[in-house]
Amino acid sequence: MSDTPSLRQAALEYHAKPKPGKLEIKATKPMANGRDLARAYSPGVAEASLEIKADAANAELYTARGNLVGVVSNGTAVLGLGDIGALASKPVMEGKAVLFKKFAGIDCFDIEVDQPDPEKLAEIVCALEPTFGAINLEDIKAPDCFVVEKICRERMNIPVFHDDQHGTAIVVGAAAKNALHVAGKKFEDIKVVSTGGGAAGIACLMMLVKLGVKRENIWLCDIHGLVYEGRAEDMNPHKDQFAQKSDLRTLDDVIGNADLFLGLSGPNVLKPEMVAKMAKRPIIFALANPTPEILPEAAREVAPDAIIATGRSDFPNQVNNVLCFPFIFRGALDVGATEINDEMQIACVDGIAEMARATTSAEAAAAYKGEQLTFGPDYLIPKPFDPRLVGVVSSAVAKAAMESGVAKRPIEDIEAYKEKLNQTVFKSALLMRPVFEAAAAASRRIVFAEGEDERVLRAAQAILEETTETPILIGRPDVIGTRCERLGLKVRPGEDFQIVNPQDDPRYYDYWSSYHEIMQRRGVTPDLAKAIMRTNNTAIGAIMVHRGEADSLICGTFGEYRWHLNYVEQVLADGELRPHGALSLMILEDGPLFIADTHVHQLPTPEELAETTLGAARHVRRFGIEPKIAFCSQSQFGNQAEGSGKRLRAALRILDSEPRDFTYEGEMNLDVALDPELRSRIFPNSRLEGAANVLIFAHADAASGVRNILKMKADGLEVGPILMGMGNKAHIVTPSITARGLLNMAAIGGTPVAHYG
């Protein structure tokens, strides 16, 4: 339960507002007219039903079943609340469904069943098989949960997974694997002492056995003490398999020299004096919620070298089932698995453990700002908001399902499948693919002006891992080195990438001399040139590109756009190269939308608007998209004589003066640009077909405003701004850019001009 009244109230308001609950039904097909109705329901729906009757596999093609999980509970063991009943469990089951959708894109129905009898509950679940692609059993008390799961798994031909058992076991297995790695121990050598003989506890012990722990080295205790051979009190077949032949009877009796304590029981069960008896470098998984078997600080008072995990989010190493269930179901559903077997569970363990040992993603670091996310005693398992989990874990599960023979729809190319999964979480991945492919053809050097920024450091790591480009960072080497180490990045300055130190670089004379040569007739003295080359990273980066020591500059992670643009123009603009405009790609739920000019020209002339349009058409094609350009204004096809419409009409005349290989039209209102039916009524002879995908504005305020509204209110992801007209020699980003955004810009900057004209 919540710790304070304010938290309690906040939680209740979260569930109640703006409308009750956490779920809603959203249609995936249009329902706007009679034609849609006839296809969605009678008579058209009969065609889909007949196809499924002819071949049951067609249900995956014509319905949502293949991506639909039923979260089923009878409310007999809900969280730490106990038997609160089916109805009271509904908020928890809704929450589970939300997590499925958030982390793996899986749709769910929560099914709360008022049936305490396990066999009858199993009958109900089995009868639901036509509805779902898989079943997630949740919060059913032990030992009833074992009965329900066994019956369902035997009778159903779809995956059935009791998350309280197997989800917990998988995450514990991953945490244990990495904890042993840190402690320098092996599964086959360790002694395990566990408290809690419920479903989760038994499943965790079974998982440890699968991972190599010897059964005779496991000592299970419950509320009555040690589970031993011959004990009659509160025993069942699941506990029997861990019964020890021993005269010892209590937790205190058996804890001596234990390497791993696994607690799934209750608060304060493990005492500090017991921890003192454990082996050196003890591993303590105190997973009771909300109060663990022992608090981390109490354990470390007697064992400072202890490696500790809990079930709480306010301590390091939270064992959280959300690391498992969305991703194991994603892989199982995508290959049409008939069950979730041991091989798939072990693959899930390995995938989660592997993620923690890898460099932390920028997205996870942003979601958990201030936390140390470097593999080690306090970071044994990844964070749920690491977007790479779905690609790594789900593809490993899918592969294991295929190799173990339970996949009805095997995937031919597992790497392509993994990439597709990544595209579901990295919204820019699909659109950026042509750009990354073009960039891969040339190993270009990208210099980052703000090289000490965390986002730049993470982008540099990603560039070295995912591209053929070479990052160059401008900044102080000691600061960059310290931050790389603190952030858990594998890259090191001077080894993996070049650094330009503004305070002390052997090329300082060459740089200020080059800058002075360019600027001497524009009022820049030698002393001023020297000062700028010591203090202005954007100017330094531009000089590097000018001298051929870098191919492209990226700057702007802080500061004002036009301040950076001033130095880019000073150094790199010439008769052939000059800024034409800034183009932003907004990735929206229904597709991409390009917007220009957002930054360069505040009030562009007709000539500048025409140049912006030509540049936009070239750059849009870099993404494999055919440009459909609309000039946007308050004016509509000439109905206002003055204002922005006048300048846009003049720009149209400039474009019309020569043949163009792209479609453009204007001037028009924004809704007319995006709604072809509305446009056909207002201007039936328009040469633009379909919705526009490029919007050109006659005022930077309008373009920038639309861009920011789409980001903040439509969850639009921006790629850019792309600086047009500079031959890809420089791009100026904005302070809101992410590390992933910088990686995308590096790919854009890493593409030779020949690839896009």
# chains A, B, ... in the order shown; residues from 1 in each chain; ligands from 1
>>> residues_around(residues="A:Gly451", least_positions_apart="5", cutoff="9 Å", atoms="only C-alpha atoms", output="list in words")
Val456, Leu457, Ile472, Leu473, Ile474, Gly475, Arg476, Ile480, Ile499, Val500 and Asn537 of chain A
>>> write_last_selection(atoms="all heavy atoms", output="short mmCIF file (atom, residue, chain, number, x, y, z; two decimals), in the first residue's frame")
data_model
loop_
_atom_site.label_atom_id
_atom_site.label_comp_id
_atom_site.auth_asym_id
_atom_site.auth_seq_id
_atom_site.Cartn_x
_atom_site.Cartn_y
_atom_site.Cartn_z
N VAL A 456 25.62 13.73 -26.07
CA VAL A 456 26.64 13.57 -27.10
C VAL A 456 27.50 12.34 -26.82
O VAL A 456 27.83 11.57 -27.73
CB VAL A 456 27.51 14.84 -27.20
CG1 VAL A 456 28.69 14.61 -28.13
CG2 VAL A 456 26.68 16.03 -27.68
N LEU A 457 27.87 12.14 -25.55
CA LEU A 457 28.68 10.98 -25.19
C LEU A 457 27.94 9.68 -25.49
O LEU A 457 28.52 8.73 -26.01
CB LEU A 457 29.06 11.05 -23.71
CG LEU A 457 29.92 12.24 -23.30
CD1 LEU A 457 30.13 12.27 -21.78
CD2 LEU A 457 31.26 12.22 -24.01
N ILE A 472 34.10 12.82 -33.45
CA ILE A 472 35.15 13.68 -32.90
C ILE A 472 34.46 14.61 -31.91
O ILE A 472 33.46 15.25 -32.25
CB ILE A 472 35.85 14.50 -33.99
CG1 ILE A 472 36.43 13.59 -35.08
CG2 ILE A 472 36.93 15.39 -33.40
CD1 ILE A 472 36.91 14.34 -36.31
N LEU A 473 34.97 14.68 -30.70
CA LEU A 473 34.32 15.47 -29.66
C LEU A 473 35.19 16.66 -29.26
O LEU A 473 36.40 16.50 -29.04
CB LEU A 473 34.04 14.61 -28.43
CG LEU A 473 32.72 13.82 -28.41
CD1 LEU A 473 32.59 12.92 -29.63
CD2 LEU A 473 32.60 13.01 -27.14
N ILE A 474 34.57 17.82 -29.18
CA ILE A 474 35.26 19.01 -28.70
C ILE A 474 34.93 19.17 -27.22
O ILE A 474 33.76 19.25 -26.83
CB ILE A 474 34.82 20.26 -29.49
CG1 ILE A 474 35.12 20.07 -30.99
CG2 ILE A 474 35.54 21.50 -28.97
CD1 ILE A 474 34.65 21.22 -31.86
N GLY A 475 35.96 19.21 -26.39
CA GLY A 475 35.75 19.32 -24.96
C GLY A 475 37.01 19.00 -24.19
O GLY A 475 38.04 18.63 -24.77
N ARG A 476 36.93 19.11 -22.88
CA ARG A 476 38.08 18.83 -22.02
C ARG A 476 38.21 17.32 -21.81
O ARG A 476 37.27 16.68 -21.35
CB ARG A 476 37.90 19.55 -20.68
CG ARG A 476 37.92 21.06 -20.78
CD ARG A 476 37.34 21.71 -19.54
NE ARG A 476 35.90 21.45 -19.42
CZ ARG A 476 35.14 21.85 -18.40
NH1 ARG A 476 35.70 22.53 -17.41
NH2 ARG A 476 33.85 21.57 -18.37
N ILE A 480 35.41 14.67 -20.15
CA ILE A 480 34.80 13.65 -21.00
C ILE A 480 35.09 12.25 -20.46
O ILE A 480 34.20 11.40 -20.37
CB ILE A 480 35.27 13.80 -22.45
CG1 ILE A 480 34.71 15.09 -23.05
CG2 ILE A 480 34.87 12.59 -23.29
CD1 ILE A 480 35.24 15.41 -24.43
N ILE A 499 39.57 13.66 -29.53
CA ILE A 499 39.11 14.82 -28.77
C ILE A 499 39.89 16.05 -29.20
O ILE A 499 41.10 15.99 -29.43
CB ILE A 499 39.28 14.60 -27.26
CG1 ILE A 499 38.25 13.59 -26.74
CG2 ILE A 499 39.13 15.89 -26.48
CD1 ILE A 499 38.28 13.40 -25.26
N VAL A 500 39.17 17.15 -29.32
CA VAL A 500 39.79 18.46 -29.54
C VAL A 500 39.60 19.23 -28.24
O VAL A 500 38.47 19.49 -27.82
CB VAL A 500 39.15 19.21 -30.71
CG1 VAL A 500 39.78 20.59 -30.86
CG2 VAL A 500 39.29 18.41 -32.00
N ASN A 537 33.17 26.55 -29.26
CA ASN A 537 33.28 25.19 -29.82
C ASN A 537 32.64 25.07 -31.19
O ASN A 537 33.09 24.28 -32.03
CB ASN A 537 32.65 24.19 -28.86
CG ASN A 537 33.48 23.99 -27.61
OD1 ASN A 537 34.43 24.72 -27.36
ND2 ASN A 537 33.12 23.01 -26.80
#
>>> closest_atom_pairs(of="stretch 680-714 of chain A", to="stretch 564-584 of chain A", cutoff="10 Å", atoms="only C-alpha atoms", output="CSV")
residue,atom,partner,partner_atom,distance
A:Val694,CA,A:Leu583,CA,9.4
A:Leu695,CA,A:Leu583,CA,9.7
A:Ile696,CA,A:Leu583,CA,9.3
A:Ala700,CA,A:Ala582,CA,9.6
A:Ala703,CA,A:Ser584,CA,9.4
A:Ser704,CA,A:Ser584,CA,9.2
A:Arg707,CA,A:Ser584,CA,7.6
>>> residues_around(residues="stretch 22-35 of chain A", least_positions_apart="2", cutoff="12 Å", atoms="only C-alpha atoms", output="PyMOL selection string")
chain A and resi 11-20+37-44+63-64+90-102+107-110+590
>>> closest_residue(among="A:Ile340, A:Val397, A:Ala441, A:Leu585", to="A:Ala747", atoms="only C-alpha atoms")
A:Ala441
>>> select_by_dssp(residues="stretch 447-480 of chain A", states="alpha helix (DSSP H)", output="ChimeraX atom specification")
/A:454-466,477-480
>>> write_last_selection(atoms="all heavy atoms", output="CSV table (one decimal), in the first residue's frame")
chain,number,residue,atom,x,y,z
A,454,GLU,N,26.2,14.9,-21.9
A,454,GLU,CA,25.9,13.4,-21.8
A,454,GLU,C,25.2,12.8,-23.0
A,454,GLU,O,25.5,11.7,-23.4
A,454,GLU,CB,24.9,13.2,-20.5
A,454,GLU,CG,24.5,11.8,-20.4
A,454,GLU,CD,23.5,11.6,-19.2
A,454,GLU,OE1,23.5,12.4,-18.3
A,454,GLU,OE2,22.8,10.6,-19.2
A,455,ARG,N,24.3,13.6,-23.6
A,455,ARG,CA,23.6,13.1,-24.8
A,455,ARG,C,24.6,12.8,-26.0
A,455,ARG,O,24.5,11.9,-26.7
A,455,ARG,CB,22.6,14.1,-25.3
A,455,ARG,CG,21.4,14.2,-24.3
A,455,ARG,CD,20.6,15.5,-24.6
A,455,ARG,NE,21.4,16.7,-24.4
A,455,ARG,CZ,20.9,17.9,-24.7
A,455,ARG,NH1,19.7,18.1,-25.2
A,455,ARG,NH2,21.7,18.9,-24.4
A,456,VAL,N,25.6,13.7,-26.1
A,456,VAL,CA,26.6,13.6,-27.1
A,456,VAL,C,27.5,12.3,-26.8
A,456,VAL,O,27.8,11.6,-27.7
A,456,VAL,CB,27.5,14.8,-27.2
A,456,VAL,CG1,28.7,14.6,-28.1
A,456,VAL,CG2,26.7,16.0,-27.7
A,457,LEU,N,27.9,12.1,-25.5
A,457,LEU,CA,28.7,11.0,-25.2
A,457,LEU,C,27.9,9.7,-25.5
A,457,LEU,O,28.5,8.7,-26.0
A,457,LEU,CB,29.1,11.1,-23.7
A,457,LEU,CG,29.9,12.2,-23.3
A,457,LEU,CD1,30.1,12.3,-21.8
A,457,LEU,CD2,31.3,12.2,-24.0
A,458,ARG,N,26.6,9.6,-25.2
A,458,ARG,CA,25.9,8.4,-25.5
A,458,ARG,C,25.7,8.3,-27.0
A,458,ARG,O,25.7,7.1,-27.5
A,458,ARG,CB,24.5,8.5,-24.8
A,458,ARG,CG,24.6,8.4,-23.3
A,458,ARG,CD,23.2,8.2,-22.6
A,458,ARG,NE,23.3,8.2,-21.2
A,458,ARG,CZ,23.7,7.1,-20.5
A,458,ARG,NH1,24.0,6.0,-21.1
A,458,ARG,NH2,23.8,7.1,-19.1
A,459,ALA,N,25.5,9.4,-27.7
A,459,ALA,CA,25.4,9.3,-29.1
A,459,ALA,C,26.8,8.8,-29.7
A,459,ALA,O,26.7,8.0,-30.7
A,459,ALA,CB,25.1,10.6,-29.7
A,460,ALA,N,27.9,9.2,-29.2
A,460,ALA,CA,29.2,8.7,-29.7
A,460,ALA,C,29.3,7.2,-29.5
A,460,ALA,O,29.8,6.5,-30.4
A,460,ALA,CB,30.3,9.5,-29.0
A,461,GLN,N,28.9,6.8,-28.3
A,461,GLN,CA,28.9,5.3,-28.1
A,461,GLN,C,28.1,4.6,-29.1
A,461,GLN,O,28.5,3.6,-29.7
A,461,GLN,CB,28.4,5.0,-26.7
A,461,GLN,CG,28.1,3.5,-26.4
A,461,GLN,CD,29.3,2.9,-25.8
A,461,GLN,OE1,30.0,3.4,-24.9
A,461,GLN,NE2,29.7,1.7,-26.3
A,462,ALA,N,26.9,5.1,-29.4
A,462,ALA,CA,26.0,4.5,-30.4
A,462,ALA,C,26.5,4.5,-31.8
A,462,ALA,O,26.4,3.6,-32.6
A,462,ALA,CB,24.6,5.1,-30.3
A,463,ILE,N,27.1,5.6,-32.1
A,463,ILE,CA,27.7,5.8,-33.5
A,463,ILE,C,28.8,4.7,-33.7
A,463,ILE,O,28.9,4.1,-34.7
A,463,ILE,CB,28.4,7.2,-33.6
A,463,ILE,CG1,27.3,8.2,-33.7
A,463,ILE,CG2,29.3,7.3,-34.8
A,463,ILE,CD1,27.7,9.7,-33.6
A,464,LEU,N,29.6,4.5,-32.7
A,464,LEU,CA,30.7,3.5,-32.8
A,464,LEU,C,30.1,2.1,-32.9
A,464,LEU,O,30.7,1.2,-33.5
A,464,LEU,CB,31.7,3.6,-31.7
A,464,LEU,CG,32.5,4.9,-31.7
A,464,LEU,CD1,33.2,5.2,-30.4
A,464,LEU,CD2,33.6,4.8,-32.8
A,465,GLU,N,29.0,1.9,-32.2
A,465,GLU,CA,28.4,0.5,-32.2
A,465,GLU,C,27.5,0.2,-33.4
A,465,GLU,O,27.5,-0.9,-33.9
A,465,GLU,CB,27.5,0.4,-30.9
A,465,GLU,CG,28.3,0.3,-29.6
A,465,GLU,CD,27.4,0.2,-28.4
A,465,GLU,OE1,26.2,0.5,-28.5
A,465,GLU,OE2,27.9,-0.1,-27.3
A,466,GLU,N,26.9,1.3,-34.0
A,466,GLU,CA,25.9,1.0,-35.0
A,466,GLU,C,26.2,1.6,-36.4
A,466,GLU,O,25.4,1.3,-37.3
A,466,GLU,CB,24.5,1.7,-34.5
A,466,GLU,CG,24.0,1.1,-33.2
A,466,GLU,CD,22.7,1.8,-32.7
A,466,GLU,OE1,21.9,2.1,-33.6
A,466,GLU,OE2,22.5,1.9,-31.5
A,477,PRO,N,39.4,16.8,-22.1
A,477,PRO,CA,39.5,15.3,-22.0
A,477,PRO,C,39.2,14.7,-20.6
A,477,PRO,O,38.6,13.7,-20.5
A,477,PRO,CB,41.0,15.1,-22.4
A,477,PRO,CG,41.4,16.3,-23.2
A,477,PRO,CD,40.6,17.4,-22.7
A,478,ASP,N,39.6,15.4,-19.6
A,478,ASP,CA,39.4,14.9,-18.2
A,478,ASP,C,37.9,14.8,-17.9
A,478,ASP,O,37.4,13.9,-17.3
A,478,ASP,CB,40.2,15.7,-17.2
A,478,ASP,CG,39.9,17.2,-17.2
A,478,ASP,OD1,39.5,17.7,-18.3
A,478,ASP,OD2,40.0,17.8,-16.2
A,479,VAL,N,37.2,15.9,-18.3
A,479,VAL,CA,35.8,15.9,-18.1
A,479,VAL,C,35.0,14.8,-18.9
A,479,VAL,O,34.2,14.1,-18.4
A,479,VAL,CB,35.2,17.3,-18.5
A,479,VAL,CG1,33.7,17.3,-18.4
A,479,VAL,CG2,35.8,18.4,-17.5
A,480,ILE,N,35.4,14.7,-20.2
A,480,ILE,CA,34.8,13.6,-21.0
A,480,ILE,C,35.1,12.3,-20.5
A,480,ILE,O,34.2,11.4,-20.4
A,480,ILE,CB,35.3,13.8,-22.5
A,480,ILE,CG1,34.7,15.1,-23.1
A,480,ILE,CG2,34.9,12.6,-23.3
A,480,ILE,CD1,35.2,15.4,-24.4
>>> closest_atom_pairs(of="stretch 293-345 of chain A", to="stretch 71-81 of chain A", cutoff="12 Å", atoms="only C-alpha atoms", output="tab-separated table")
residue	atom	partner	partner_atom	distance
A:Gly311	CA	A:Leu79	CA	11.4
A:Phe325	CA	A:Val71	CA	11.3
A:Pro326	CA	A:Val71	CA	11.8
A:Phe329	CA	A:Val71	CA	11.8
>>> write_last_selection(atoms="all heavy atoms", output="compact mmCIF listing (two decimals), in the first residue's frame")
# COMPACT_ATOMS: atom_id res chain seq x y z
N GLY A 311 12.41 -6.06 -3.95
CA GLY A 311 11.27 -5.89 -4.84
C GLY A 311 10.82 -4.45 -4.93
O GLY A 311 9.79 -4.15 -5.55
N PHE A 325 7.53 -10.47 -18.52
CA PHE A 325 6.31 -10.96 -19.15
C PHE A 325 5.96 -10.28 -20.48
O PHE A 325 5.49 -10.96 -21.40
CB PHE A 325 5.13 -10.93 -18.17
CG PHE A 325 4.64 -9.57 -17.77
CD1 PHE A 325 3.79 -8.83 -18.58
CD2 PHE A 325 5.01 -9.02 -16.56
CE1 PHE A 325 3.34 -7.58 -18.20
CE2 PHE A 325 4.56 -7.78 -16.16
CZ PHE A 325 3.73 -7.05 -16.99
N PRO A 326 6.16 -8.96 -20.66
CA PRO A 326 5.79 -8.41 -21.98
C PRO A 326 6.63 -9.02 -23.10
O PRO A 326 6.12 -9.26 -24.21
CB PRO A 326 6.07 -6.91 -21.83
CG PRO A 326 6.12 -6.66 -20.36
CD PRO A 326 6.67 -7.91 -19.76
N PHE A 329 6.02 -12.95 -23.84
CA PHE A 329 4.77 -13.11 -24.60
C PHE A 329 4.94 -12.57 -26.02
O PHE A 329 4.39 -13.15 -26.97
CB PHE A 329 3.63 -12.38 -23.89
CG PHE A 329 2.91 -13.21 -22.87
CD1 PHE A 329 3.26 -13.12 -21.53
CD2 PHE A 329 1.91 -14.08 -23.24
CE1 PHE A 329 2.60 -13.88 -20.57
CE2 PHE A 329 1.25 -14.85 -22.29
CZ PHE A 329 1.60 -14.76 -20.95
>>> residues_around(residues="A:Ser428", least_positions_apart="5", cutoff="9 Å", atoms="only C-alpha atoms", output="PDB file with N, CA and C atoms, in the first residue's frame")
ATOM      1  N   GLN A 423      12.117  -1.271 -34.237  1.00  0.00           N
ATOM      2  CA  GLN A 423      11.403  -0.190 -34.909  1.00  0.00           C
ATOM      3  C   GLN A 423      10.104   0.169 -34.194  1.00  0.00           C
ATOM      4  N   ARG A 433      16.081   4.234 -41.900  1.00  0.00           N
ATOM      5  CA  ARG A 433      16.860   3.142 -42.491  1.00  0.00           C
ATOM      6  C   ARG A 433      17.562   3.536 -43.784  1.00  0.00           C
ATOM      7  N   ILE A 587       7.729  12.565 -36.822  1.00  0.00           N
ATOM      8  CA  ILE A 587       7.203  11.212 -36.959  1.00  0.00           C
ATOM      9  C   ILE A 587       5.977  11.099 -36.062  1.00  0.00           C
ATOM     10  N   LEU A 717       7.744  12.676 -32.783  1.00  0.00           N
ATOM     11  CA  LEU A 717       9.191  12.539 -32.587  1.00  0.00           C
ATOM     12  C   LEU A 717       9.895  13.296 -33.702  1.00  0.00           C
ATOM     13  N   GLU A 718      10.775  14.199 -33.329  1.00  0.00           N
ATOM     14  CA  GLU A 718      11.448  15.024 -34.330  1.00  0.00           C
ATOM     15  C   GLU A 718      12.778  14.419 -34.743  1.00  0.00           C
ATOM     16  N   VAL A 719      13.025  14.410 -36.030  1.00  0.00           N
ATOM     17  CA  VAL A 719      14.356  14.168 -36.578  1.00  0.00           C
ATOM     18  C   VAL A 719      14.775  15.476 -37.215  1.00  0.00           C
ATOM     19  N   ARG A 740      19.347   9.667 -28.999  1.00  0.00           N
ATOM     20  CA  ARG A 740      18.901   8.975 -30.216  1.00  0.00           C
ATOM     21  C   ARG A 740      18.755   9.963 -31.360  1.00  0.00           C
ATOM     22  N   GLY A 741      18.259  11.173 -31.045  1.00  0.00           N
ATOM     23  CA  GLY A 741      18.154  12.211 -32.067  1.00  0.00           C
ATOM     24  C   GLY A 741      19.510  12.608 -32.616  1.00  0.00           C
ATOM     25  N   ASN A 744      20.634   9.977 -35.014  1.00  0.00           N
ATOM     26  CA  ASN A 744      19.973  10.168 -36.300  1.00  0.00           C
ATOM     27  C   ASN A 744      20.623  11.304 -37.098  1.00  0.00           C
TER      28      ASN A 744
END
>>> residues_around(residues="A:Ile748", least_positions_apart="4", cutoff="8 Å", atoms="only C-alpha atoms", output="list in words")
Val435, Phe436, Ala439, Asn728 and Asn744 of chain A
>>> write_last_selection(atoms="C-alpha atoms", output="PDB file, in the first residue's frame")
ATOM      1  CA  VAL A 435      19.685   7.326 -44.371  1.00  0.00           C
ATOM      2  CA  PHE A 436      21.690   4.861 -42.270  1.00  0.00           C
ATOM      3  CA  ALA A 439      25.751   6.670 -44.494  1.00  0.00           C
ATOM      4  CA  ASN A 728      25.708  18.392 -45.312  1.00  0.00           C
ATOM      5  CA  ASN A 744      19.973  10.168 -36.300  1.00  0.00           C
TER       6      ASN A 744
END
>>> closest_residue(among="A:Gly749, A:Gly105, A:Gly82, A:Pro377", to="A:Ala442", atoms="only C-alpha atoms")
A:Gly749
>>> residues_around(residues="A:Cys348", least_positions_apart="5", cutoff="8 Å", atoms="only C-alpha atoms", output="PDB file with C-alpha atoms, in the first residue's frame")
ATOM      1  CA  ILE A 170      12.963 -15.573 -14.735  1.00  0.00           C
ATOM      2  CA  CYS A 324       9.976 -10.466 -18.353  1.00  0.00           C
ATOM      3  CA  ILE A 328       8.380 -13.423 -23.385  1.00  0.00           C
ATOM      4  CA  VAL A 393      14.653 -10.613 -25.136  1.00  0.00           C
ATOM      5  CA  SER A 394      11.720 -11.252 -27.487  1.00  0.00           C
ATOM      6  CA  ALA A 396      15.828 -14.708 -28.019  1.00  0.00           C
ATOM      7  CA  VAL A 397      12.507 -16.191 -26.866  1.00  0.00           C
TER       8      VAL A 397
END
>>> decode(residues="stretch 233-255 of chain A", atoms="C-alpha atoms", output="mmCIF file, in the first residue's frame")
data_model
loop_
_atom_site.group_PDB
_atom_site.id
_atom_site.type_symbol
_atom_site.label_atom_id
_atom_site.label_comp_id
_atom_site.auth_asym_id
_atom_site.auth_seq_id
_atom_site.Cartn_x
_atom_site.Cartn_y
_atom_site.Cartn_z
ATOM 1 C CA GLU A 233 2.714 -29.758 8.696
ATOM 2 C CA ASP A 234 1.675 -27.564 5.732
ATOM 3 C CA MET A 235 3.387 -29.718 3.117
ATOM 4 C CA ASN A 236 2.557 -30.333 -0.542
ATOM 5 C CA PRO A 237 4.264 -32.076 -3.456
ATOM 6 C CA HIS A 238 5.939 -28.842 -4.548
ATOM 7 C CA LYS A 239 7.642 -28.358 -1.189
ATOM 8 C CA ASP A 240 8.425 -32.072 -0.904
ATOM 9 C CA GLN A 241 10.905 -31.912 -3.761
ATOM 10 C CA PHE A 242 13.096 -29.553 -1.709
ATOM 11 C CA ALA A 243 12.813 -31.377 1.628
ATOM 12 C CA GLN A 244 16.214 -31.853 3.270
ATOM 13 C CA LYS A 245 17.287 -34.932 5.225
ATOM 14 C CA SER A 246 18.431 -32.982 8.273
ATOM 15 C CA ASP A 247 17.989 -32.466 12.006
ATOM 16 C CA LEU A 248 18.205 -28.689 11.570
ATOM 17 C CA ARG A 249 14.907 -26.867 11.951
ATOM 18 C CA THR A 250 15.151 -23.068 11.672
ATOM 19 C CA LEU A 251 16.378 -20.446 9.267
ATOM 20 C CA ASP A 252 19.061 -19.484 11.751
ATOM 21 C CA ASP A 253 20.199 -23.126 11.842
ATOM 22 C CA VAL A 254 20.703 -23.400 8.069
ATOM 23 C CA ILE A 255 21.881 -19.921 7.028
#
